[in-house]
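**Student:** Below are the structure tokens for one structure; questions will follow.
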Amino acid sequence: MPEASTQRRLEELASEAQGAVAGAAGAPELEEARVRFLGRRSELTSLLRSIGSLPPEERGPVGQAANAVRVRLEALIAERQDALDGAALEARLADDRVDVTLPGDPAQPVGHLHLITQTRRDIEDVFLGLGFSVVEGPEVEWDYYNFTALNMPPAHPARALQDTFYFSDEVLLRTHTSPMQVRAMEAHEPPLYIVVPGKVYRRDSDATHTPMFHQVEGLAVDEDITLGDLRGVLLEFARAIFGAERDIRLRAGYFPFTEPSVEVDVSCFVCAGTGFATGGSRCSLCRGSGWIEILGAGMIDPNVYGFVAERGYDPERVQGFAFGMGIERIAMLKHGVPDLRLFFENDVRFLEQFG
Amino acid sequence: MRVPLSWLREYCDPPLTTAEIGDRLAMTGTEPERIEHFGVPSADGFVIGKVLEAEQHPNADRLRVCRVDDGNGSRTIVCGAPNVAAGQTVALALPGAVMPGGQRLGEAKLRGVVSSGMILAEDEVGVGEDHNGIMVLPDELRAGAPLLEYLTIFDDVLDLEVEPNRPDCLSVYGVARELHAVTGAPLAADPTGEDAVASGDDSVADHASVEIADPDVCPRFTARVFDGVHVGPSPLWLKARLAAAGQRSISNVVDITNYVMLLTGQPLHAFDLDEVRGRRIVVRRARDGERMVTLDGVERTFDSSMALVCDAEGPSGVAGIMGGRVSEVSERTTRVLMEAATWVGPNVLQSSARLGLRSEASTRFEKQLHPEQALAAQRLAARLMVELCGARMAPGTIDEYPGRAEPRVVALRHRRIGALLGTEIPRAEVEAILGRLSFATVPTEAGFDVTVPPFRDADVQREADLIEEIARIHGLERLPATLPARRHAVGRLTPAQRVRRRVEDALRDRGLCEVVAYSFTAPDTLARLRLEEGTLAVGNPLSEDASVMRPLLLPGLLGAAARNAARGRPGVALFESAHVYRPGEAAEPPPLAAASVPADEHHHVAALLTRSAPGTWRRPALAADYFAAKGLVEAMLGSLGITFSAEPAQRPFLHPGRSAAVTSGGEELGWIGELHPAVAREWDVGEAAAFELDLETLAELAPAAAGYRDVTTLPPVLQDIAVVVPESVSAAEVDAAVRRGAGDLLSETTLFDVYRGEQVGEGNRSLALRLEFRAPDRTLTDDDVAGLRGQIERELETIGGRLRA
Ligand SMILES: [Zn+2]
């Protein structure tokens, strides 16, 4: 075959093969096309084998042309193979379907801290930031620490205000977190800055009282603590817990272990202290006063220092304040919980709302 | 303390509304619990009238048809009262007036006669309880004048919450003094200032005698004698006052004692002198077992801690608390011995508690009144006895006064006021404030010598007490808001407190809900847990169900799970972090042994699962079993860096084959286990698993900081092995044997499969372990590790195990 006709034949083969590869609808047909055009017995292979028998001047051009066709065909077949593989995968996947309307896996259950714990931590954190340490004490307590050393000797009228659970004449369930005042002063010389969270107990059970509840006591004793300092610290506390716009006010109060004693109110965060709800009706939280009572406080009574005089608590040299608040009360106000008893029913539908 | 505003304003009348007065008092320490309204809703339509004619009703025997002058003319009123008569001055309610019950009066036709208004009986306007007839008023009253001008039928009442240190505010005049100090409004003269005039040439000593046999219970006892007493109803104004203050009217004599008490704060007691046997009063401690019937009709038994007022033959009253029936004033009484005494506050409080008997008198006496107040009350009472009962006062006063009290003088340093309050208050203002509070001041170099008025003596005894008075009147709202200098204080949680938070967070993060249960439980609860240990029993529990302190947290969790199950949530995962209590070693109480604790109290953390993971359409539920609970303990202790071991151990309330003791570092931390089915049934919670650990021990074991281990520089070699052991050999024993055999190069083991079946033989199981080997100084090869296989195999043989090929 003269060179020109060989070249023409190569073109024809290439074009035929191209058609066959493109037309292959599946792997068998593609393999068939490969064998036909590139197999050992294919025309192209024979042609390549016979190049040696060509006249020397034709060997180069024909060989190059035949090789180019072979490379081109191999690439085409590979390309077609990829296309066919992809289509086959898609077809398989299309059959592999799920009912996407079935429910998904449930979320990992999220746990909850009790609202009392959450609130206790919030309060602790505020006072930690103000330089107070956290200390705790026993709940089964001596009458001495709960009453006597807090300036409430036996038959003091203020004892009657706190219905007490007794184990014996000398042992009781603490009625407040205040017994830690004297315990802490016994353990540490001044200066002393502490808060005392914990359970307390009163022999009382009705819609607004549970026999157990939680308090946080605070105590600061130093050389020059003033009632103004108490106001400043409690203002920081009120703003941290109830919002930066809050104000507080001190009213005269009575506690046997503080002198002067004060009750502390925070400006109402529902009506912003105006006493009126939106729409002009009387605010239901503060009952129109604009203020909500949150805690009791005062300057530590000199008589209390008398019980820890040998630890360096001389009322002529040190002075300080103490305060006590109910954790549940703070939580009820902040979260709008209407009934104290919910805290101790432990209904998970309640617990899951917080923490 | 109920303070009718009309009564209060008689003594101090600032230009403020009732609510404003309440607010001012609240700011200075006497907070109104509520403001109530007394009497009719509005005084409109209530006027004075004159009965011009009163004729028989033509159609009704019991009714009269009256023509009444109401000041604007005459009107017809049909009246059923038997005592109505022409010429009377009466109280009228005109049509349109609103009665105390809220009903508005209209014209009404009564048996054919139109009645336009009502002639009032005292109970119809809340003044008294009498409904036997209409009120007949003094003739000098003008027809048409508002009834309110004569009679309190309409008033605000401040119900004050008086603190125990302010017995002076348990009186209308005391509140008036406080209001004067707070507002500066003028204070009317003390109503006890003037005395009655005695007559006759006899002396009180001719009629009665008083002896204080036990002066330690009675600092002062005063008595006066009245004869010619006409016991009868009190005048309307007195009835109205008492009613507004919440007191029933009884008789003029008894009402006088109550009126004087409400006005001055000093209780009095009136004896029928002719019923005082021997006409002799002896004040003494009771003899144990002595008895008497008190005015409320109850027979009381006394002991020697209580003080009695006796006559020649026996008890006649309980000192400071309640009089006795024996000498009660009655309609027949003509001679009265009026007692005004001073008792010892703590003694009255204690006796009142022991007797279970509180009274208006005891709530005042228990807060310690001053002896000077007794005689003041006698003066006012005497005037009223003469005026309202037509009595003659015998000359003189019996005054036994063994506890004579001198006025208290307290030194006040001006410097201390500023030092304590954080704000300077000028000397002149200090003096003015103290003056308004009835404290007399004498200037000194440092400040003032301050004389405390008797009615404030129990509360104000020291410099700090005076500073409180100054602060509250000066205005607590005027204090600056400053922060302490805090020279030496820093705030941080202790390691133990951080461990507590970490533990609570770890359980929360694993999906548990924290509960807070009561610290009390029922003795029966512990029996249901099959526990027999000693508990701390409350001496005065609210109920049997809450009578012992819980020695473990489990019962509270069970109660919570049961309650949630009953409310439609059977599967819960709960935990609690709280104290548990056991009787302590007998400790010496403080101050003998300072810092001792009376009970054995520990902080525990416990969890209860009645579900582990809920089932879904593609996965069965995971049971709340031992391994679910153990997984929580692993997570919790792992987050603290504490390694622990769980070894079979039994608790009476746990499944005997599925419970373990948790130990670490030789310390027992607590237990993990499935609830014994019999116990779970008691609470009706189904299958449940739980653990309870001592948090304090955990905190001690938790390392302060985790040490670094190099896991990146040199790669580990991993190898899986399968160990066949008899069922009796525990996984922990296999792990220990593997570790012994592998030596130091073995850094970690993980059990990833347990297999039972033919291939391992009856009575055996195969445990698959992934071993991680590391050397600190070189890269290990498979050959290094292969060499250890023989040693592992030998160690396994010692526990009856072998490696599976
Ligand atoms: Zn409000």
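By order in the structure tokens, chains are A, B, ...; within a chain, residues start at 1; ligands start at 1, following the order shown.
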Once you count only C-alpha atoms and all ligand atoms, which residues end up within 8 Å of ligand 1, and could you hand them over as a list in words?
**Tutor:**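 Using only C-alpha atoms and all ligand atoms, everything at most 8 Å from ligand 1 comes to Ser267, Cys268, Phe269, Val270, Cys271, Ala272, Gly273, Thr274, Gly275, Phe276, Ala277, Arg282, Cys283, Ser284, Leu285, Cys286, Arg287, Gly288, Ser289, Gly290, Trp291 and Ile292 of chain A.
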**Student:** With a distance cut-off of 9 Å and only C-alpha atoms, select the neighbouring residues of Leu170 in chain B, excluding the residue or stretch itself and same-chain residues fewer than 3 positions from it, and output the selection as a PyMOL selection string.
**Tutor:** chain B and resi 1-2+160+162+166-167+173-175+261-265+363-364
**Student:** Using only C-alpha atoms, please write the residues we just selected to a file, as a JSON list (two decimals), in the first residue's frame.
**Tutor:**
[["chain", "number", "residue", "atom", "x", "y", "z"],
["B", 1, "MET", "CA", -49.86, 46.24, 115.16],
["B", 2, "ARG", "CA", -52.97, 47.78, 113.67],
["B", 160, "LEU", "CA", -47.38, 47.42, 110.90],
["B", 162, "VAL", "CA", -43.03, 45.73, 114.29],
["B", 166, "ARG", "CA", -39.20, 48.11, 118.93],
["B", 167, "PRO", "CA", -41.89, 47.34, 121.55],
["B", 173, "TYR", "CA", -48.36, 56.99, 120.55],
["B", 174, "GLY", "CA", -45.07, 55.18, 119.91],
["B", 175, "VAL", "CA", -45.79, 55.12, 116.19],
["B", 261, "MET", "CA", -52.15, 49.32, 126.14],
["B", 262, "LEU", "CA", -52.80, 50.16, 122.48],
["B", 263, "LEU", "CA", -52.04, 53.81, 123.01],
["B", 264, "THR", "CA", -48.98, 53.52, 125.30],
["B", 265, "GLY", "CA", -47.66, 50.00, 124.79],
["B", 363, "THR", "CA", -46.01, 40.07, 122.89],
["B", 364, "ARG", "CA", -45.19, 43.43, 124.49]]
**Student:** Please identify the alpha helix (DSSP H) residues within range 80-308 of chain A (assignment by DSSP from backbone atoms) and present them as a PDB file with C-alpha atoms, in the first residue's frame.
**Tutor:**
ATOM      1  CA  ARG A  80     -15.410   6.777  27.822  1.00  0.00           C
ATOM      2  CA  GLN A  81     -14.673   4.259  30.597  1.00  0.00           C
ATOM      3  CA  ASP A  82     -14.752   7.039  33.229  1.00  0.00           C
ATOM      4  CA  ALA A  83     -18.003   8.334  31.873  1.00  0.00           C
ATOM      5  CA  LEU A  84     -19.563   4.896  31.924  1.00  0.00           C
ATOM      6  CA  ASP A  85     -18.304   4.212  35.514  1.00  0.00           C
ATOM      7  CA  GLY A  86     -19.749   7.499  36.764  1.00  0.00           C
ATOM      8  CA  ALA A  87     -23.094   6.805  35.157  1.00  0.00           C
ATOM      9  CA  ALA A  88     -23.171   3.311  36.629  1.00  0.00           C
ATOM     10  CA  LEU A  89     -22.468   4.727  40.175  1.00  0.00           C
ATOM     11  CA  GLU A  90     -25.193   7.302  39.788  1.00  0.00           C
ATOM     12  CA  ALA A  91     -27.582   4.601  38.675  1.00  0.00           C
ATOM     13  CA  ARG A  92     -26.708   2.456  41.683  1.00  0.00           C
ATOM     14  CA  LEU A  93     -27.077   5.395  44.096  1.00  0.00           C
ATOM     15  CA  ALA A  94     -30.392   6.316  42.572  1.00  0.00           C
ATOM     16  CA  ASP A  95     -31.683   2.917  43.603  1.00  0.00           C
ATOM     17  CA  LEU A 115     -31.978  26.371  89.074  1.00  0.00           C
ATOM     18  CA  ILE A 116     -30.783  26.673  92.666  1.00  0.00           C
ATOM     19  CA  THR A 117     -27.291  25.508  91.676  1.00  0.00           C
ATOM     20  CA  GLN A 118     -27.232  27.783  88.670  1.00  0.00           C
ATOM     21  CA  THR A 119     -28.297  30.767  90.764  1.00  0.00           C
ATOM     22  CA  ARG A 120     -25.904  29.882  93.570  1.00  0.00           C
ATOM     23  CA  ARG A 121     -23.025  29.811  91.099  1.00  0.00           C
ATOM     24  CA  ASP A 122     -24.093  33.122  89.567  1.00  0.00           C
ATOM     25  CA  ILE A 123     -24.089  34.705  93.005  1.00  0.00           C
ATOM     26  CA  GLU A 124     -20.773  33.095  93.980  1.00  0.00           C
ATOM     27  CA  ASP A 125     -19.187  34.324  90.774  1.00  0.00           C
ATOM     28  CA  VAL A 126     -20.260  37.910  91.362  1.00  0.00           C
ATOM     29  CA  PHE A 127     -18.662  37.903  94.798  1.00  0.00           C
ATOM     30  CA  LEU A 128     -15.573  36.022  93.663  1.00  0.00           C
ATOM     31  CA  GLY A 129     -15.064  38.898  91.250  1.00  0.00           C
ATOM     32  CA  ASP A 143     -27.291  26.404 118.974  1.00  0.00           C
ATOM     33  CA  TYR A 144     -24.221  28.415 120.006  1.00  0.00           C
ATOM     34  CA  TYR A 145     -23.208  29.341 116.455  1.00  0.00           C
ATOM     35  CA  ASN A 146     -26.742  29.675 115.140  1.00  0.00           C
ATOM     36  CA  PRO A 179     -23.489  30.638 111.916  1.00  0.00           C
ATOM     37  CA  MET A 180     -20.552  30.669 109.510  1.00  0.00           C
ATOM     38  CA  GLN A 181     -19.899  34.282 110.495  1.00  0.00           C
ATOM     39  CA  VAL A 182     -18.449  33.280 113.832  1.00  0.00           C
ATOM     40  CA  ARG A 183     -17.001  29.991 112.550  1.00  0.00           C
ATOM     41  CA  ALA A 184     -15.131  31.867 109.805  1.00  0.00           C
ATOM     42  CA  MET A 185     -13.899  34.526 112.196  1.00  0.00           C
ATOM     43  CA  GLU A 186     -12.697  31.809 114.570  1.00  0.00           C
ATOM     44  CA  ALA A 187     -10.747  30.263 111.708  1.00  0.00           C
ATOM     45  CA  LEU A 227     -22.199  51.013 105.524  1.00  0.00           C
ATOM     46  CA  GLY A 228     -21.484  52.862 102.259  1.00  0.00           C
ATOM     47  CA  ASP A 229     -19.238  49.945 101.255  1.00  0.00           C
ATOM     48  CA  LEU A 230     -22.120  47.578 101.925  1.00  0.00           C
ATOM     49  CA  ARG A 231     -24.274  49.683  99.663  1.00  0.00           C
ATOM     50  CA  GLY A 232     -21.602  49.688  96.936  1.00  0.00           C
ATOM     51  CA  VAL A 233     -21.028  45.928  97.071  1.00  0.00           C
ATOM     52  CA  LEU A 234     -24.735  45.126  97.015  1.00  0.00           C
ATOM     53  CA  LEU A 235     -25.280  47.575  94.164  1.00  0.00           C
ATOM     54  CA  GLU A 236     -22.660  45.684  92.124  1.00  0.00           C
ATOM     55  CA  PHE A 237     -24.363  42.434  93.047  1.00  0.00           C
ATOM     56  CA  ALA A 238     -27.824  43.687  92.092  1.00  0.00           C
ATOM     57  CA  ARG A 239     -26.592  44.958  88.743  1.00  0.00           C
ATOM     58  CA  ALA A 240     -24.719  41.746  87.970  1.00  0.00           C
ATOM     59  CA  ILE A 241     -27.761  39.598  88.703  1.00  0.00           C
ATOM     60  CA  PHE A 242     -30.684  41.782  87.669  1.00  0.00           C
ATOM     61  CA  PRO A 302     -20.034  44.727 118.278  1.00  0.00           C
ATOM     62  CA  ASN A 303     -21.410  41.928 120.472  1.00  0.00           C
ATOM     63  CA  VAL A 304     -20.660  39.389 117.727  1.00  0.00           C
ATOM     64  CA  TYR A 305     -16.998  40.402 117.708  1.00  0.00           C
TER      65      TYR A 305
END
**Student:** Identify every residue of chain A that has at least one atom within 6 Å of any atom of chain B, counting only C-alpha atoms, and report the result as JSON, numbers by chain.
**Tutor:** {"A": [109, 110, 111, 112, 113, 114, 128, 131, 132, 133, 155, 165, 166, 167, 226, 227, 228, 229, 231, 232, 233, 249, 250, 251, 252, 253, 260, 344, 346, 347]}
**Student:** Pull N, CA, C and O atoms from the residues just selected and write them as a tab-separated table (two decimals), in the first residue's frame.
**Tutor:**
chain	number	residue	atom	x	y	z
A	109	PRO	N	-29.29	13.77	74.78
A	109	PRO	CA	-30.02	14.55	75.77
A	109	PRO	C	-29.09	15.57	76.44
A	109	PRO	O	-27.96	15.26	76.76
A	110	VAL	N	-29.61	16.78	76.61
A	110	VAL	CA	-28.84	17.83	77.27
A	110	VAL	C	-29.25	17.84	78.74
A	110	VAL	O	-30.44	17.84	79.05
A	111	GLY	N	-28.30	17.79	79.62
A	111	GLY	CA	-28.62	17.79	81.05
A	111	GLY	C	-28.80	19.20	81.57
A	111	GLY	O	-28.64	20.19	80.85
A	112	HIS	N	-29.19	19.29	82.84
A	112	HIS	CA	-29.49	20.59	83.43
A	112	HIS	C	-29.02	20.64	84.87
A	112	HIS	O	-29.26	19.71	85.62
A	113	LEU	N	-28.38	21.73	85.22
A	113	LEU	CA	-28.15	22.00	86.63
A	113	LEU	C	-29.46	22.52	87.21
A	113	LEU	O	-30.24	23.19	86.53
A	114	HIS	N	-29.71	22.21	88.46
A	114	HIS	CA	-30.91	22.73	89.13
A	114	HIS	C	-30.81	24.26	89.17
A	114	HIS	O	-29.72	24.82	89.31
A	128	LEU	N	-16.97	36.38	93.94
A	128	LEU	CA	-15.57	36.02	93.66
A	128	LEU	C	-14.90	37.18	92.95
A	128	LEU	O	-13.77	37.56	93.26
A	131	GLY	N	-13.76	39.88	95.11
A	131	GLY	CA	-12.69	39.58	96.06
A	131	GLY	C	-13.12	38.78	97.27
A	131	GLY	O	-12.40	38.70	98.26
A	132	PHE	N	-14.30	38.17	97.21
A	132	PHE	CA	-14.76	37.34	98.32
A	132	PHE	C	-14.41	35.88	98.05
A	132	PHE	O	-14.41	35.44	96.90
A	133	SER	N	-14.11	35.14	99.10
A	133	SER	CA	-13.93	33.69	98.98
A	133	SER	C	-15.25	33.01	99.33
A	133	SER	O	-16.11	33.59	99.98
A	155	ALA	N	-33.84	32.70	125.00
A	155	ALA	CA	-34.98	33.56	125.34
A	155	ALA	C	-34.86	34.96	124.74
A	155	ALA	O	-35.50	35.90	125.19
A	165	PHE	N	-35.80	23.60	113.90
A	165	PHE	CA	-35.77	22.15	114.11
A	165	PHE	C	-34.64	21.84	115.09
A	165	PHE	O	-33.49	22.23	114.86
A	166	TYR	N	-34.96	21.14	116.15
A	166	TYR	CA	-33.94	20.79	117.14
A	166	TYR	C	-33.67	19.30	117.16
A	166	TYR	O	-34.56	18.48	116.93
A	167	PHE	N	-32.41	18.96	117.44
A	167	PHE	CA	-32.05	17.56	117.72
A	167	PHE	C	-31.92	17.38	119.23
A	167	PHE	O	-32.19	16.32	119.77
A	226	THR	N	-17.38	50.36	105.68
A	226	THR	CA	-18.49	51.24	106.08
A	226	THR	C	-19.82	50.73	105.53
A	226	THR	O	-19.86	49.85	104.67
A	227	LEU	N	-20.87	51.33	106.04
A	227	LEU	CA	-22.20	51.01	105.52
A	227	LEU	C	-22.28	51.43	104.05
A	227	LEU	O	-22.98	50.80	103.26
A	228	GLY	N	-21.54	52.47	103.67
A	228	GLY	CA	-21.48	52.86	102.26
A	228	GLY	C	-20.85	51.77	101.40
A	228	GLY	O	-21.27	51.54	100.27
A	229	ASP	N	-19.85	51.07	101.98
A	229	ASP	CA	-19.24	49.95	101.25
A	229	ASP	C	-20.26	48.83	101.05
A	229	ASP	O	-20.28	48.18	99.99
A	231	ARG	N	-23.39	49.23	100.73
A	231	ARG	CA	-24.27	49.68	99.66
A	231	ARG	C	-23.61	49.49	98.30
A	231	ARG	O	-24.25	49.02	97.35
A	232	GLY	N	-22.31	49.82	98.21
A	232	GLY	CA	-21.60	49.69	96.94
A	232	GLY	C	-21.51	48.24	96.49
A	232	GLY	O	-21.74	47.92	95.31
A	233	VAL	N	-21.17	47.35	97.42
A	233	VAL	CA	-21.03	45.93	97.07
A	233	VAL	C	-22.38	45.36	96.63
A	233	VAL	O	-22.46	44.64	95.62
A	249	ARG	N	-31.93	50.26	97.14
A	249	ARG	CA	-32.16	51.20	98.24
A	249	ARG	C	-32.11	50.43	99.55
A	249	ARG	O	-32.49	49.27	99.62
A	250	LEU	N	-31.61	51.12	100.56
A	250	LEU	CA	-31.50	50.54	101.89
A	250	LEU	C	-32.61	51.12	102.75
A	250	LEU	O	-32.86	52.33	102.75
A	251	ARG	N	-33.28	50.21	103.47
A	251	ARG	CA	-34.28	50.65	104.45
A	251	ARG	C	-33.85	50.14	105.81
A	251	ARG	O	-33.17	49.12	105.91
A	252	ALA	N	-34.28	50.83	106.86
A	252	ALA	CA	-33.92	50.37	108.20
A	252	ALA	C	-34.58	49.02	108.46
A	252	ALA	O	-35.72	48.78	108.05
A	253	GLY	N	-33.86	48.14	109.11
A	253	GLY	CA	-34.39	46.82	109.44
A	253	GLY	C	-33.94	46.40	110.81
A	253	GLY	O	-33.41	47.22	111.58
A	260	PRO	N	-25.88	49.22	112.45
A	260	PRO	CA	-27.28	49.28	112.00
A	260	PRO	C	-27.64	48.09	111.11
A	260	PRO	O	-26.78	47.49	110.47
A	344	PHE	N	-38.53	22.05	94.83
A	344	PHE	CA	-38.24	20.80	95.53
A	344	PHE	C	-39.12	19.65	95.05
A	344	PHE	O	-39.05	18.56	95.59
A	346	ASN	N	-38.93	18.60	91.95
A	346	ASN	CA	-38.03	17.90	91.04
A	346	ASN	C	-38.75	17.29	89.85
A	346	ASN	O	-38.40	16.21	89.39
A	347	ASP	N	-39.73	17.97	89.37
A	347	ASP	CA	-40.41	17.58	88.14
A	347	ASP	C	-39.48	17.94	86.97
A	347	ASP	O	-39.11	19.11	86.82
**Student:** As a PyMOL selection string, please: all residues of range 123-272 of chain A that backbone DSSP puts in strand (DSSP E or B).
**Tutor:** chain A and resi 133-134+140-142+166+171-173+192-201+206+209+212-222+248-252+258-267
**Student:** Given the choices B:His180, B:Arg528, B:Lys630, B:Arg284, which gets closest to Pro677 in chain B if the distance is worked out from only C-alpha atoms?
**Tutor:**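 Of the candidates, the smallest distance to Pro677 in chain B is held by B:Arg528.
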**Student:** Using only C-alpha atoms for the distances, tell me which of B:Glu372, B:Glu313, B:Glu772, B:Glu400 is nearest to Val210 in chain B.
**Tutor:** B:Glu400
**Student:** Quick one: residues within 12 Å of Met292 in chain B, only C-alpha atoms, excluding same-chain residues fewer than 2 positions away - as a PyMOL selection string?
**Tutor:** chain B and resi 286-287+289-290+294-303+308-310+313-318+322-327
**Student:** What would the file look like if the residues just selected were written as a short mmCIF file (atom, residue, chain, number, x, y, z; two decimals), in the first residue's frame with N, CA, C and O atoms?
**Tutor:**
data_model
loop_
_atom_site.label_atom_id
_atom_site.label_comp_id
_atom_site.auth_asym_id
_atom_site.auth_seq_id
_atom_site.Cartn_x
_atom_site.Cartn_y
_atom_site.Cartn_z
N ALA B 286 -44.13 30.25 140.22
CA ALA B 286 -45.11 29.19 140.46
C ALA B 286 -44.43 28.01 141.13
O ALA B 286 -43.22 27.84 141.04
N ARG B 287 -45.25 27.23 141.83
CA ARG B 287 -44.75 25.95 142.32
C ARG B 287 -45.01 24.93 141.21
O ARG B 287 -46.03 25.02 140.51
N GLY B 289 -46.39 22.30 139.05
CA GLY B 289 -47.68 21.61 139.07
C GLY B 289 -48.84 22.48 139.53
O GLY B 289 -49.99 22.05 139.50
N GLU B 290 -48.57 23.70 139.91
CA GLU B 290 -49.66 24.60 140.32
C GLU B 290 -50.58 24.88 139.13
O GLU B 290 -50.12 24.95 138.00
N THR B 294 -57.16 30.26 133.17
CA THR B 294 -56.92 31.61 132.65
C THR B 294 -58.20 32.18 132.06
O THR B 294 -59.19 31.46 131.88
N LEU B 295 -58.16 33.47 131.72
CA LEU B 295 -59.36 34.16 131.23
C LEU B 295 -59.98 33.49 130.01
O LEU B 295 -61.17 33.63 129.76
N ASP B 296 -59.18 32.76 129.24
CA ASP B 296 -59.72 32.10 128.06
C ASP B 296 -60.41 30.78 128.40
O ASP B 296 -60.80 30.03 127.51
N GLY B 297 -60.53 30.49 129.73
CA GLY B 297 -61.29 29.33 130.14
C GLY B 297 -60.49 28.03 130.14
O GLY B 297 -61.06 26.96 130.36
N VAL B 298 -59.18 28.11 129.92
CA VAL B 298 -58.36 26.89 129.86
C VAL B 298 -57.64 26.73 131.20
O VAL B 298 -57.08 27.68 131.74
N GLU B 299 -57.65 25.53 131.74
CA GLU B 299 -56.87 25.29 132.95
C GLU B 299 -55.41 25.06 132.57
O GLU B 299 -55.11 24.23 131.71
N ARG B 300 -54.53 25.81 133.19
CA ARG B 300 -53.11 25.74 132.84
C ARG B 300 -52.33 25.21 134.03
O ARG B 300 -52.68 25.49 135.18
N THR B 301 -51.26 24.51 133.73
CA THR B 301 -50.39 23.99 134.78
C THR B 301 -49.04 24.69 134.65
O THR B 301 -48.51 24.82 133.55
N PHE B 302 -48.51 25.12 135.77
CA PHE B 302 -47.30 25.95 135.76
C PHE B 302 -46.12 25.20 136.32
O PHE B 302 -46.27 24.17 136.99
N ASP B 303 -44.92 25.74 136.03
CA ASP B 303 -43.72 25.21 136.69
C ASP B 303 -42.94 26.38 137.28
O ASP B 303 -43.31 27.54 137.09
N LEU B 308 -46.14 34.12 138.65
CA LEU B 308 -47.58 34.24 138.85
C LEU B 308 -47.89 35.48 139.67
O LEU B 308 -47.08 35.92 140.49
N VAL B 309 -49.09 36.02 139.41
CA VAL B 309 -49.63 37.04 140.30
C VAL B 309 -50.67 36.31 141.16
O VAL B 309 -51.66 35.79 140.61
N CYS B 310 -50.42 36.21 142.46
CA CYS B 310 -51.29 35.42 143.32
C CYS B 310 -52.02 36.33 144.29
O CYS B 310 -51.63 37.48 144.51
N GLU B 313 -54.70 33.25 148.54
CA GLU B 313 -54.95 31.81 148.51
C GLU B 313 -54.35 31.07 147.33
O GLU B 313 -54.28 29.85 147.35
N GLY B 314 -53.97 31.78 146.31
CA GLY B 314 -53.40 31.04 145.17
C GLY B 314 -53.31 31.92 143.94
O GLY B 314 -53.53 33.14 143.99
N PRO B 315 -53.02 31.29 142.81
CA PRO B 315 -52.78 32.05 141.59
C PRO B 315 -54.01 32.85 141.18
O PRO B 315 -55.14 32.37 141.29
N SER B 316 -53.75 34.05 140.69
CA SER B 316 -54.83 34.90 140.24
C SER B 316 -54.57 35.41 138.82
O SER B 316 -55.42 36.01 138.19
N GLY B 317 -53.34 35.16 138.31
CA GLY B 317 -53.00 35.58 136.96
C GLY B 317 -51.61 35.07 136.60
O GLY B 317 -50.80 34.80 137.48
N VAL B 318 -51.37 34.89 135.29
CA VAL B 318 -50.03 34.51 134.84
C VAL B 318 -49.31 35.81 134.50
O VAL B 318 -49.76 36.56 133.62
N MET B 322 -51.58 36.50 130.96
CA MET B 322 -53.04 36.50 130.98
C MET B 322 -53.54 36.41 132.42
O MET B 322 -52.95 35.72 133.25
N GLY B 323 -54.62 37.12 132.68
CA GLY B 323 -55.22 37.06 134.01
C GLY B 323 -55.96 35.75 134.23
O GLY B 323 -56.12 34.94 133.30
N GLY B 324 -56.45 35.58 135.48
CA GLY B 324 -57.17 34.37 135.82
C GLY B 324 -58.66 34.65 135.91
O GLY B 324 -59.10 35.78 136.13
N ARG B 325 -59.46 33.58 135.73
CA ARG B 325 -60.91 33.68 135.86
C ARG B 325 -61.32 34.15 137.24
O ARG B 325 -62.31 34.86 137.40
N VAL B 326 -60.53 33.74 138.23
CA VAL B 326 -60.95 33.91 139.62
C VAL B 326 -61.25 35.37 139.96
O VAL B 326 -62.19 35.66 140.68
N SER B 327 -60.46 36.29 139.40
CA SER B 327 -60.63 37.69 139.79
C SER B 327 -61.05 38.56 138.61
O SER B 327 -60.82 39.75 138.57
#
**Student:** Can you pull out the residues contacting range 298-300 of chain A? Cut-off 7 Å, using only C-alpha atoms, and skip same-chain residues under 6 positions away; I want them as a list in words.
**Tutor:**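 These residues fall inside the cut-off: Leu227, Phe257, Thr258, Glu259, Pro260, Ser261, Val262, Gly320, Phe321, Ala322 and Phe323 of chain A.
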**Student:** If you count only C-alpha atoms, which residues fall within 10 Å of Val711 in chain B, apart from same-chain ones fewer than 3 positions away, as a list in words?
**Tutor:**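 Counting only C-alpha atoms, the residues come to Tyr708, Leu714, Pro715, Pro716, Arg774 and Pro776 of chain B.
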**Student:** With distances taken over only C-alpha atoms, which of B:Ile119, B:Leu179, B:Val172, B:Ile21 is nearest to Val65 in chain B?
**Tutor:**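 The shortest atom-to-atom distance to Val65 in chain B comes from B:Ile119.
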